Every structure is written in structure tokens, then in C-alpha cells.
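What's in entry-v2.txt: compact mmCIF, C-alpha atoms
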# COMPACT_ATOMS: atom_id res chain seq x y z
CA MET A 256 113.25 123.60 69.68
CA SER A 257 110.08 121.62 70.06
CA LEU A 258 109.50 119.06 72.76
CA THR A 259 108.39 115.54 72.03
CA LYS A 260 106.51 113.01 74.14
CA GLU A 261 109.77 111.11 74.60
CA ASP A 262 111.55 114.23 75.91
CA ILE A 263 108.87 114.66 78.56
CA LEU A 264 109.00 110.99 79.55
CA THR A 265 112.76 111.30 79.96
CA LEU A 266 112.33 114.36 82.20
CA LEU A 267 109.73 112.54 84.25
CA GLU A 268 112.23 109.74 84.96
CA GLU A 269 113.50 112.19 87.59
CA VAL A 270 110.28 111.98 89.58
CA LYS A 271 110.43 109.10 92.04
CA ASP A 272 107.82 107.40 94.19
CA PRO A 273 108.16 109.30 97.49
CA GLU A 274 107.93 106.06 99.47
CA ILE A 275 110.26 104.05 97.19
CA PRO A 276 112.89 106.59 96.08
CA VAL A 277 114.53 104.21 93.55
CA LEU A 278 111.38 103.83 91.47
CA SER A 279 110.46 106.48 88.91
CA LEU A 280 106.82 107.28 88.22
CA VAL A 281 107.37 106.25 84.62
CA ASP A 282 108.69 102.82 85.67
CA LEU A 283 105.92 102.51 88.25
CA GLY A 284 103.45 102.83 85.39
CA VAL A 285 101.36 105.65 86.89
CA ILE A 286 102.12 108.00 83.98
CA THR A 287 99.65 106.73 81.42
CA ASP A 288 100.03 109.31 78.67
CA VAL A 289 101.85 112.47 77.63
CA GLU A 290 100.70 114.85 74.90
CA VAL A 291 102.46 117.91 73.57
CA SER A 292 100.14 120.22 71.67
CA GLY A 293 101.11 122.62 68.88
CA ASP A 294 101.57 125.54 71.28
CA GLU A 295 103.94 123.52 73.48
CA HIS A 296 101.29 122.84 76.09
CA VAL A 297 102.16 119.61 77.90
CA THR A 298 99.40 117.35 79.21
CA VAL A 299 100.42 114.50 81.51
CA ARG A 300 97.89 111.84 82.45
CA MET A 301 98.33 109.83 85.63
CA THR A 302 96.43 107.02 87.32
CA PRO A 303 96.53 106.22 91.07
CA THR A 304 98.15 103.00 92.27
CA PHE A 305 95.83 102.58 95.26
CA ALA A 306 92.77 104.87 95.39
CA GLY A 307 93.49 105.86 99.00
CA CYS A 308 97.24 106.36 98.54
CA PRO A 309 98.17 109.63 100.24
CA ALA A 310 101.30 109.91 98.08
CA MET A 311 99.34 110.36 94.84
CA ASP A 312 98.68 114.06 95.33
CA TYR A 313 102.33 114.55 96.26
CA MET A 314 103.36 112.73 93.06
CA ARG A 315 101.09 114.94 90.96
CA LYS A 316 102.63 118.07 92.44
CA ASP A 317 106.10 116.62 91.96
CA VAL A 318 105.35 116.13 88.26
CA GLU A 319 104.25 119.79 88.01
CA ARG A 320 107.36 120.99 89.85
CA THR A 321 109.63 118.96 87.59
CA LEU A 322 108.00 120.28 84.42
CA GLU A 323 108.45 123.85 85.67
CA LYS A 324 112.04 123.24 86.67
CA HIS A 325 112.70 122.37 83.03
CA GLY A 326 111.06 125.56 81.80
CA ILE A 327 107.75 124.01 80.82
CA SER A 328 105.28 126.58 82.14
CA LYS A 329 102.23 125.51 80.17
CA HIS A 330 101.12 122.19 81.58
CA THR A 331 98.11 120.23 82.81
CA VAL A 332 98.38 117.13 84.95
CA ILE A 333 95.24 115.01 85.01
CA MET A 334 94.65 112.19 87.49
CA SER A 335 91.97 109.71 86.44
CA PHE A 336 90.84 106.09 86.52
CA ASP A 337 90.48 105.96 82.71
CA LYS A 338 93.37 103.54 82.40
CA PRO A 339 93.33 101.80 85.77
CA TRP A 340 96.72 100.98 87.23
CA ASP A 341 97.70 97.39 87.84
CA SER A 342 100.98 95.95 89.01
CA ASN A 343 101.76 94.46 85.57
CA LYS A 344 102.36 98.09 84.50
CA ILE A 345 105.62 98.22 86.50
CA SER A 346 108.44 98.07 83.94
CA GLU A 347 111.25 95.50 83.93
CA LYS A 348 113.65 98.22 85.02
CA GLY A 349 111.27 99.20 87.82
CA ARG A 350 111.04 95.59 88.98
CA GLN A 351 114.81 95.32 89.07
CA HIS A 352 115.07 98.54 91.09
CA LEU A 353 112.47 97.30 93.56
CA LYS A 354 114.43 94.12 94.13
CA GLU A 355 117.69 95.99 94.66
CA PHE A 356 115.85 98.15 97.18
CA GLY A 357 114.92 94.98 99.10
CA LEU A 358 111.26 94.96 98.10
CA ALA A 359 109.95 91.89 96.28
CA PRO A 360 108.48 92.97 92.93
CA PRO A 361 104.87 91.83 92.37
CA PRO A 362 104.57 88.57 90.44
CA LYS A 363 103.27 89.08 86.90
CA TYR A 364 99.93 87.52 86.21
CA ASN A 365 97.66 86.91 83.26
CA MET A 366 94.43 88.83 83.59
CA VAL A 367 92.97 86.92 86.52
CA LEU A 368 94.38 87.82 89.90
CA ASP A 369 93.55 84.92 92.20
CA LEU A 370 94.40 84.18 95.80
CA ASP A 371 97.42 82.04 94.92
CA ILE A 372 99.07 85.03 93.28
CA LEU A 373 98.26 87.34 96.18
CA GLU A 374 99.90 84.97 98.63
CA TYR A 375 102.89 84.14 96.45
CA ALA A 376 106.17 85.99 96.84
CA THR A 377 109.83 85.37 96.01
CA CYS A 378 112.28 86.41 98.73
CA PRO A 379 114.23 89.44 97.45
CA TYR A 380 117.26 88.46 99.58
CA CYS A 381 117.82 84.77 98.72
CA ASN A 382 115.36 84.22 95.83
CA SER A 383 113.63 81.40 97.71
CA GLU A 384 110.04 80.64 96.81
CA ASN A 385 109.52 78.90 100.13
CA THR A 386 107.80 81.90 101.69
CA THR A 387 104.63 82.57 103.69
CA MET A 388 102.39 85.63 103.56
CA ARG A 389 102.03 87.07 107.06
CA THR A 390 99.58 89.86 106.27
CA PRO A 391 98.36 91.57 103.11
CA PHE A 392 98.63 94.94 104.92
CA GLY A 393 102.09 96.38 105.42
CA PRO A 394 103.59 99.78 106.19
CA THR A 395 101.96 101.34 103.10
CA LEU A 396 98.85 100.38 101.11
CA CYS A 397 100.95 98.96 98.27
CA ARG A 398 103.02 96.55 100.40
CA SER A 399 102.31 93.16 101.97
CA MET A 400 104.41 91.35 104.59
CA HIS A 401 106.01 87.93 104.04
CA TYR A 402 108.38 85.58 105.81
CA CYS A 403 111.13 83.62 104.09
CA ASN A 404 111.29 80.10 105.47
CA ASP A 405 114.81 79.62 104.08
CA CYS A 406 116.78 82.73 105.04
CA ARG A 407 114.36 83.38 107.91
CA GLN A 408 113.79 87.04 107.34
CA MET A 409 110.67 89.11 107.09
CA PHE A 410 110.40 90.97 103.81
CA GLU A 411 107.92 93.22 102.07
CA GLN A 412 106.42 92.78 98.64
CA PHE A 413 104.94 95.41 96.34
CA LYS A 414 101.47 93.88 96.15
CA PRO A 415 100.12 92.44 92.93
CA LEU A 416 96.98 94.37 92.00
CA MET B 272 68.41 107.70 82.40
CA ASN B 273 67.12 109.30 85.56
CA GLU B 274 70.07 111.08 87.16
CA HIS B 275 68.48 110.70 90.59
CA ALA B 276 68.82 106.94 90.28
CA ILE B 277 72.55 107.14 89.59
CA LYS B 278 73.09 109.63 92.40
CA ASP B 279 71.19 107.41 94.80
CA LEU B 280 73.43 104.47 93.86
CA LEU B 281 76.58 106.56 94.24
CA TYR B 282 75.52 107.94 97.62
CA LYS B 283 74.88 104.50 99.00
CA LEU B 284 78.25 103.21 97.80
CA ALA B 285 80.17 106.26 98.99
CA ASP B 286 78.46 106.58 102.37
CA ASP B 287 79.01 102.90 103.23
CA GLN B 288 82.71 103.30 102.47
CA LEU B 289 83.11 106.53 104.40
CA ILE B 290 81.37 105.33 107.54
CA LEU B 291 82.97 101.88 107.66
CA GLY B 292 86.32 103.53 106.89
CA HIS B 293 85.92 105.68 109.98
CA ARG B 294 84.85 102.74 112.13
CA ASN B 295 87.88 100.75 110.91
CA SER B 296 90.16 103.67 111.70
CA GLU B 297 89.09 103.48 115.34
CA TRP B 298 91.21 100.34 115.62
CA THR B 299 94.37 102.37 115.00
CA GLY B 300 96.38 102.04 118.18
CA PHE B 301 93.93 99.52 119.68
CA GLY B 302 94.29 96.39 117.54
CA PRO B 303 94.51 93.07 119.40
CA ILE B 304 97.88 92.44 117.73
CA LEU B 305 100.09 94.83 115.79
CA GLU B 306 99.29 93.27 112.39
CA GLU B 307 95.56 93.71 112.97
CA ASP B 308 96.03 97.27 114.10
CA ILE B 309 97.81 97.90 110.77
CA ALA B 310 95.31 95.85 108.75
CA PHE B 311 92.26 97.77 110.00
CA SER B 312 94.11 101.06 109.58
CA SER B 313 95.03 100.15 105.98
CA MET B 314 91.49 99.07 105.16
CA ALA B 315 90.25 102.34 106.67
CA GLN B 316 92.55 104.27 104.37
CA ASP B 317 91.42 102.24 101.34
CA LYS B 318 87.74 102.70 102.14
CA ILE B 319 87.99 106.43 102.69
CA GLY B 320 89.90 106.62 99.37
CA HIS B 321 87.07 104.63 97.76
CA SER B 322 84.44 106.98 99.18
CA LEU B 323 86.38 109.90 97.70
CA ALA B 324 86.28 108.27 94.25
CA PHE B 325 82.49 107.95 94.44
CA TYR B 326 81.94 111.43 95.93
CA THR B 327 84.04 112.77 93.04
CA LEU B 328 81.63 111.13 90.57
CA LEU B 329 78.77 112.80 92.46
CA GLN B 330 80.49 116.15 92.18
CA GLU B 331 80.72 115.62 88.41
CA LEU B 332 76.94 115.17 88.47
CA GLY B 333 76.50 118.55 90.15
CA GLU B 334 76.60 117.66 93.85
CA ALA B 335 78.79 119.63 96.30
CA ASP B 336 82.52 118.90 96.62
CA PRO B 337 83.55 115.69 98.45
CA ASP B 338 84.58 117.35 101.74
CA THR B 339 81.32 119.28 102.00
CA VAL B 340 79.27 116.19 101.18
CA ALA B 341 81.21 114.02 103.63
CA PHE B 342 81.38 116.43 106.53
CA THR B 343 78.36 118.71 106.52
CA ARG B 344 75.37 116.39 106.25
CA ASN B 345 73.34 115.13 109.20
CA ALA B 346 72.59 111.48 109.90
CA ASN B 347 69.21 111.57 108.16
CA GLN B 348 70.92 112.58 104.90
CA PHE B 349 73.24 109.55 104.89
CA HIS B 350 72.47 106.51 102.73
CA ASN B 351 74.76 103.96 104.40
CA SER B 352 73.43 100.67 105.69
CA GLN B 353 73.01 100.51 109.46
CA LEU B 354 75.55 97.68 109.61
CA VAL B 355 78.51 99.99 108.96
CA GLU B 356 77.58 102.59 111.59
CA LEU B 357 77.36 100.20 114.55
CA PRO B 358 80.12 100.67 117.13
CA ASN B 359 83.17 98.44 116.70
CA GLY B 360 82.44 96.34 119.74
CA GLU B 361 85.03 93.71 120.56
CA TYR B 362 87.36 92.47 117.83
CA ASP B 363 85.08 89.48 117.10
CA PHE B 364 82.25 91.84 116.15
CA SER B 365 84.46 94.05 113.95
CA LEU B 366 85.84 90.97 112.23
CA ILE B 367 82.37 89.52 111.55
CA ARG B 368 81.12 92.85 110.21
CA HIS B 369 84.21 93.13 107.98
CA PHE B 370 83.61 89.57 106.68
CA LEU B 371 79.91 90.17 105.97
CA TYR B 372 80.44 93.61 104.46
CA ASP B 373 83.49 93.07 102.27
CA ASN B 374 82.19 89.85 100.76
CA ALA B 375 79.15 91.84 99.60
CA GLU B 376 81.15 94.82 98.48
CA ILE B 377 83.42 92.88 96.15
CA ILE B 378 80.36 91.42 94.40
CA ARG B 379 78.97 94.95 93.99
CA PHE B 380 82.23 96.16 92.49
CA GLU B 381 82.55 93.15 90.18
CA MET B 382 79.02 93.80 88.98
CA LEU B 383 79.53 97.56 88.63
CA SER B 384 82.73 97.07 86.64
CA GLN B 385 80.31 95.89 83.89
CA SER B 386 77.98 98.84 84.43
CA GLY B 387 76.47 100.60 81.44
CA TYR B 388 77.29 103.90 83.16
CA GLU B 389 80.93 104.26 82.21
CA PRO B 390 82.23 106.52 85.03
CA ILE B 391 81.04 103.98 87.62
CA ALA B 392 82.45 101.07 85.60
CA LYS B 393 85.92 102.66 85.54
CA VAL B 394 86.01 103.34 89.26
CA ALA B 395 84.65 99.89 90.15
CA THR B 396 87.18 98.19 87.87
CA LYS B 397 89.93 99.91 89.79
CA LEU B 398 88.55 99.35 93.28
CA LYS B 399 87.62 95.69 92.99
CA GLY B 400 91.31 94.71 92.90
CA GLU B 401 91.92 96.52 96.18
CA VAL B 402 88.90 95.02 97.93
CA LYS B 403 90.21 91.56 97.05
CA TYR B 404 92.77 92.04 99.80
CA HIS B 405 90.06 92.97 102.29
CA VAL B 406 88.15 89.79 101.44
CA LEU B 407 91.30 87.68 101.65
CA HIS B 408 92.02 89.16 105.07
CA ALA B 409 88.48 88.62 106.42
CA ASN B 410 88.13 85.09 105.08
CA THR B 411 91.53 84.01 106.41
CA TRP B 412 90.75 85.17 109.96
CA ILE B 413 87.23 83.74 109.94
CA LYS B 414 88.61 80.37 108.83
CA ASN B 415 91.40 80.44 111.41
CA LEU B 416 89.46 81.71 114.42
CA GLY B 417 86.16 80.07 113.47
CA SER B 418 87.71 76.64 113.90
CA SER B 419 89.99 77.35 116.86
CA THR B 420 89.13 77.53 120.56
CA GLU B 421 85.72 77.18 122.12
CA GLU B 422 85.78 80.79 123.30
CA ALA B 423 86.68 82.14 119.84
CA ILE B 424 83.92 80.12 118.19
CA LEU B 425 81.36 81.13 120.81
CA ARG B 426 82.20 84.82 120.52
CA LEU B 427 82.23 84.83 116.72
CA GLN B 428 78.93 82.94 116.60
CA SER B 429 77.32 85.43 118.95
CA SER B 430 78.60 88.35 116.84
CA LEU B 431 77.42 86.66 113.66
CA ASN B 432 73.92 86.26 115.12
CA GLU B 433 73.90 89.89 116.17
CA ALA B 434 75.29 91.33 112.91
CA LEU B 435 73.28 89.28 110.43
CA PRO B 436 69.96 91.20 110.54
CA PHE B 437 71.97 94.39 109.96
CA ALA B 438 73.96 92.72 107.16
CA LEU B 439 70.67 91.82 105.42
CA GLY B 440 69.88 95.54 105.55
CA MET B 441 72.78 96.14 103.11
CA PHE B 442 70.51 94.73 100.39
CA GLU B 443 67.61 97.11 101.00
CA HIS B 444 66.18 98.07 97.62
CA SER B 445 66.64 101.54 96.25
CA ARG B 446 63.49 103.33 95.15
CA TYR B 447 65.08 103.23 91.69
CA GLU B 448 66.04 99.54 91.85
CA GLN B 449 64.18 98.32 88.77
CA GLU B 450 65.14 101.38 86.76
CA LEU B 451 68.83 100.77 87.41
CA VAL B 452 68.56 97.08 86.54
CA ASP B 453 66.57 97.77 83.36
CA ALA B 454 69.13 100.36 82.24
CA GLY B 455 72.02 97.93 82.74
CA ILE B 456 73.65 100.19 85.32
CA TYR B 457 73.44 97.85 88.28
CA GLY B 458 72.56 94.16 88.62
CA GLY B 459 70.41 94.89 91.66
CA GLU B 460 70.45 93.95 95.34
CA GLU B 461 68.74 90.57 94.97
CA ALA B 462 71.49 89.35 92.65
CA VAL B 463 74.19 90.64 95.00
CA LYS B 464 72.53 89.00 97.99
CA ALA B 465 72.20 85.59 96.29
CA GLU B 466 75.86 85.54 95.32
CA TRP B 467 76.89 86.85 98.77
CA LEU B 468 75.07 84.04 100.54
CA GLN B 469 76.92 81.46 98.48
CA ARG B 470 80.30 83.02 99.15
CA ILE B 471 79.91 83.49 102.90
CA GLN B 472 78.44 79.98 103.24
CA ALA B 473 81.47 78.52 101.47
CA VAL B 474 83.76 80.13 104.04
CA LEU B 475 81.59 79.34 107.07
CA GLU B 476 81.41 75.67 106.05
CA LYS B 477 85.13 75.44 106.73
CA THR B 478 84.59 76.56 110.31
CA SER B 479 82.52 75.55 113.33
CA LEU B 480 80.30 78.60 112.79
CA LYS B 481 76.69 78.25 111.67
CA LEU B 482 74.76 80.68 109.54
CA PRO B 483 71.45 81.34 111.36
CA ASP B 484 68.27 80.58 109.43
CA LEU B 485 67.70 83.74 107.43
CA GLU B 486 63.96 83.10 107.19
CA THR B 487 63.63 83.72 110.91
CA LEU B 488 65.38 87.10 110.80
CA THR B 489 63.96 90.54 110.16
CA PRO B 490 66.44 92.63 108.14
CA LYS B 491 67.33 95.96 109.78
CA VAL B 492 66.45 98.33 106.95
CA GLY B 493 66.00 102.06 106.61
CA GLY B 494 69.65 103.07 106.28
CA ARG B 495 69.38 103.63 102.53
CA TYR B 496 66.54 106.09 103.22
CA GLY B 497 68.22 108.08 105.98
CA GLU B 498 66.88 106.12 108.97
CA HIS B 499 69.75 105.31 111.28
CA THR B 500 70.59 103.96 114.71
CA GLU B 501 71.52 106.34 117.52
CA HIS B 502 75.18 105.59 116.77
CA LEU B 503 75.53 107.48 113.49
CA GLN B 504 75.10 111.11 114.56
CA PRO B 505 77.77 111.00 117.32
CA LEU B 506 80.19 109.43 114.79
CA LEU B 507 79.44 112.17 112.24
CA ASP B 508 79.94 114.85 114.91
CA GLU B 509 83.35 113.44 115.72
CA MET B 510 84.37 112.98 112.05
CA SER B 511 83.45 116.53 111.09
CA GLU B 512 84.73 118.34 114.17
CA VAL B 513 87.90 119.70 112.55
CA PHE B 514 86.24 120.52 109.22
CA LYS B 515 83.49 122.49 110.96
CA ILE B 516 85.92 124.65 112.95
CA ASP B 517 87.15 126.18 109.69
CA PRO B 518 85.64 124.81 106.46
CA THR B 519 87.83 127.11 104.37
CA ALA B 520 91.15 126.09 105.94
CA GLU B 521 93.92 125.21 103.51
CA TRP B 522 95.90 122.06 104.33

Whole structure, C-alpha cells version:
Amino acid sequence: MSLTKEDILTLLEEVKDPEIPVLSLVDLGVITDVEVSGDEHVTVRMTPTFAGCPAMDYMRKDVERTLEKHGISKHTVIMSFDKPWDSNKISEKGRQHLKEFGLAPPPKYNMVLDLDILEYATCPYCNSENTTMRTPFGPTLCRSMHYCNDCRQMFEQFKPL
Amino acid sequence: MNEHAIKDLLYKLADDQLILGHRNSEWTGFGPILEEDIAFSSMAQDKIGHSLAFYTLLQELGEADPDTVAFTRNANQFHNSQLVELPNGEYDFSLIRHFLYDNAEIIRFEMLSQSGYEPIAKVATKLKGEVKYHVLHANTWIKNLGSSTEEAILRLQSSLNEALPFALGMFEHSRYEQELVDAGIYGGEEAVKAEWLQRIQAVLEKTSLKLPDLETLTPKVGGRYGEHTEHLQPLLDEMSEVFKIDPTAEW
């Protein structure tokens, strides 16, 4: 039986963001490529969300552990900035999971990330757009803090980047 | 292309990030309000992550590994500007330094994302999006506090006057300046400085703060060539204390 790229991507759906356990690394968009060579050697390429994110090394090891758990002993996991991560790389499914988790998904943007987009957030609880950014720095590097002026709750957003 | 020129550029970028990252981290647990405690801690984490990205490029060019480079050199081997090594002071000084530094840094990263040296271009493309949040944070607070109470304005103005000569030192030319510009690797310090002045002026105009006449100031230079204030070595000693106890420890 030979493995395909799709098989590996399906396996990697099991690996979740350690800080957001509903979001798989595939849906987060940090897995940028998978290659399976003729001798069944699997190469997984990853790109960091935030360069200083302490969870990235954990995620890399989690990918290796998951490959081994499925009997894939020949593997290489490469972390690089070749295809830089941006928040548009989060899949539709990932965005839905974020919202269900109570985290506002980042707004999608076209190429140019300006201040309006950074400050904009839709409340994940009541869908109001009448919200105010309190601080771009939340409990983790990838989250900002906002206040909903309608349902009057603080909420966090996965930052657009 | 002269590899020394690229290394010199990388060292200056990486060392600025590492040192300011450590200064920012000193606010952890001491911020004037909880959000600012978190903000400076987050920016510290970002900047130390950014220094790692640049030290990794240096390692690929044959320099020692990032931990060794970060934690075993003495002050005279560091290429950071003197601005980033100054003690935090009161919050007004840290905020002014953050405003002056990050507005310059984002211009550097925007410029370097177009660099002819591809490894730098890739890293800068990634990092410039993160620094946008640092600039947003600095500019918001400068606008808010710089047009608030008399005390806030007075304190910020005094810190601005004090920090500015050091901020001008950020643009000290490398000995390879022209070589880097000619090779399309870096747009050069003069271009960064001109753009920086425009951007910080645009923010300051919305406040009661005044930019001192730059012609009357003497830039505090030397940092890019290993000449530092008395504040750097004690900071390095503290940063490297754990590493030096057992450099081979596994974490």
C-alpha cells in the first residue's frame, strides 16, 4: 500500500493547535506542503504563525509523533518562512471551528492589511459589528482583545496577519 | 557580494531585536495597567522570536548557533543601536522609545521584504506583518497620551527630547552601506530615516508634542560598531546567567 499526499493530510487533521484544541494544523494553514517520495519517505513543510510563537516547536514535534503513531518512520519535518503564513490561510472549516470555540475568526482581506482591518472584529457571541478593539495584545501572540458594545462582553479575536 | 556586508546587516537587525526584546520583557509584572504589562510582554516575545529568525540566517552563513551568538558575546561585540540598551526608565520613556524604534523597524522590514538577498526578503516579509501591531500600539498610545493631561504631555516631551539623539543613532551607516545599496540588498539608512521622520511627524502632529529641531542634536552613534553605554554589559550578564551556568543543558 502506498501513501499519498492526501492520506498524510488526513492523518495530520488529528494534530491540533495546542492553544486552540478545536483547530487542526491543516485548517490553521501552517502545513504548507507534503511530499511522499518513492521510498515512502514523508516530508512535511510547515510555516510559523507568529515568529516568536512558543507553540511552533511543540506543533512540529506533534506532527512527528503523529506520523510515527501511524507507522510512518521515515519522515522529515521542515519549518521555514518560504511560504509565509497569513491569516487568510485559515480554512473555512477552521474559521467555523474558531467561532464555535468563542474566538472571532480573523477578517479576510485582500493583500493590503491596513489599520481598519486590524481594529475590526465581529463579535463571536452575537455577530454584532459594533465592537471596539481594546488591545492588539491578548493572552497569546495570535489573539487580540475586543469589546462588544451590543452584548457587552469582552471577546478575543484570532488576529489578522 | 561581500558576505561580511550581509552578516553586518543581519547582526544589526538581530541584536536590536534581542536587546529591545529583553528590555520590553522587564515590564512583565510591572506594567502601569494590566493591558500594558501584557502588551510589552507580547512585544518582547515577538522581538526575541524575530532575533532568532535573523540569528538563524547568520548560522546558515557559517556563524555560531543562535544561543551561542546571543548569550556568549560581550558588549563590544554587539551591533545594536544604543537606543535599545538604555534602561526602561518610567513608562513614558519606554513608550517613546517603542514609538521611535518600531516606526523605524517597520520601514526597514518593508524595504528588506524587497531585498535582492532572498533569505532576508522571506524573513522580512513574514515579520513586517507582526511589527504592524507594534506600530499600531505605539501610535495609539502616543496619540492618546500626547494630547491628554499636562503632566502626561510634559513627561512624554521630556522623554522624547532625551531619546531622540539615541534614536538618530539607529541610522548610523554601516561600513558596507554603499555596497549593500548598490547590490539591491538594502535601501540604506538615509532612506529609512527620511521615511521615518515623515511617519513620526504625522503622528506627533496629532498631539501636543513637538519634535525637537534635529539640526541642533548630535546623534548618539557607535552602537553599530560595538561602542555602547554602560548599561549594555550588565543587561547581557543578566540575560546570559542561566545559559552560562550550563551551556550544554537540554531543555

Write out as a PDB file with C-alpha atoms, in the coordinates of the input every residue belonging to chain B that has an atom at most 6 Å from any atom of chain A, counting all atoms listed in the file.
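Result file follows (result-v9.pdb):
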ATOM      1  CA  ALA B 310      95.310  95.850 108.750  1.00  0.00           C
ATOM      2  CA  GLN B 316      92.550 104.270 104.370  1.00  0.00           C
ATOM      3  CA  ASP B 317      91.420 102.240 101.340  1.00  0.00           C
ATOM      4  CA  GLY B 320      89.900 106.620  99.370  1.00  0.00           C
ATOM      5  CA  LYS B 397      89.930  99.910  89.790  1.00  0.00           C
ATOM      6  CA  GLY B 400      91.310  94.710  92.900  1.00  0.00           C
TER       7      GLY B 400
END

- [ ] Quick one: everything within 6 Å of A:Pro360, counting all atoms listed in the file, minus sequence neighbours fewer than 3 positions away in the same chain. Send it as a PyMOL selection string.
- [x] chain A and resi 350+353+413

- [ ] Check the smallest atom-to-atom distance from each of A:Glu319, A:Met311, A:Lys324, A:Asp371 to B:Leu407 using only C-alpha atoms, then report the winner.
- [x] A:Asp371

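Nearest-residue note for A:Pro361: choosing from A:Thr331, A:His401, A:Gln412, A:Asp272, the minimum distance belongs to A:Gln412, counting all atoms listed in the file.
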
Task: Selection near A:Asp288, 9 Å with all atoms listed in the file, sequence-local residues under 2 positions removed, as a list in words - done: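 Residues near the query, excluding close chain neighbours: Lys260, Ile286, Glu290, Thr298, Val299, Arg300 and Met301 of chain A.
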
Open item on the list: Please determine, counting only C-alpha atoms, which residue among A:Asn365, A:Gln351, A:Gln408, A:Ser342 has the shortest atom-to-atom distance to A:Cys378.
Closed with: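 The shortest atom-to-atom distance to A:Cys378 comes from A:Gln408.
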
With stretch 276-289 of chain B as the partner and 7 Å as the cut-off, tabulate the residues of stretch 339-436 of chain B that qualify, each row holding the nearest pair of atoms and their distance in Å to one decimal, using all atoms listed in the file, sorted by chain and rising number, as a tab-separated table.
residue	atom	partner	partner_atom	distance
B:Phe349	CA	B:Asp286	CA	6.5
B:His350	CA	B:Lys283	CA	4.9
B:Asn351	CA	B:Asp287	CA	4.5
B:Ser352	CA	B:Asp287	CA	6.5
B:Val355	CA	B:Asp287	CA	6.4

Open item on the list: Quick check, in Å to one decimal: how far apart do atom CA of B:Trp467 and atom CA of B:Gly292 lie?
Closed with: 20.8 Å

Task: Computed interatomic separation between atom CA of A:Cys381 and atom CA of A:Val277 (Å) - done: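 For atom CA of A:Cys381 relative to atom CA of A:Val277, the distance reads 20.4 Å.
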
TODO: Rounded to one decimal place, report the atom CA of B:Arg294-atom CA of B:Val394 distance in Å.
DONE: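 Spanning atom CA of B:Arg294 to atom CA of B:Val394 is a straight-line distance of 22.9 Å.
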
Mind giving me the axis-aligned box for stretch 479-492 of chain B with 4 Å on every side, centre plus edges in Å to one decimal, as JSON?
{"center_x": 73.1, "center_y": 86.9, "center_z": 110.1, "size_x": 26.9, "size_y": 30.8, "size_z": 14.4}
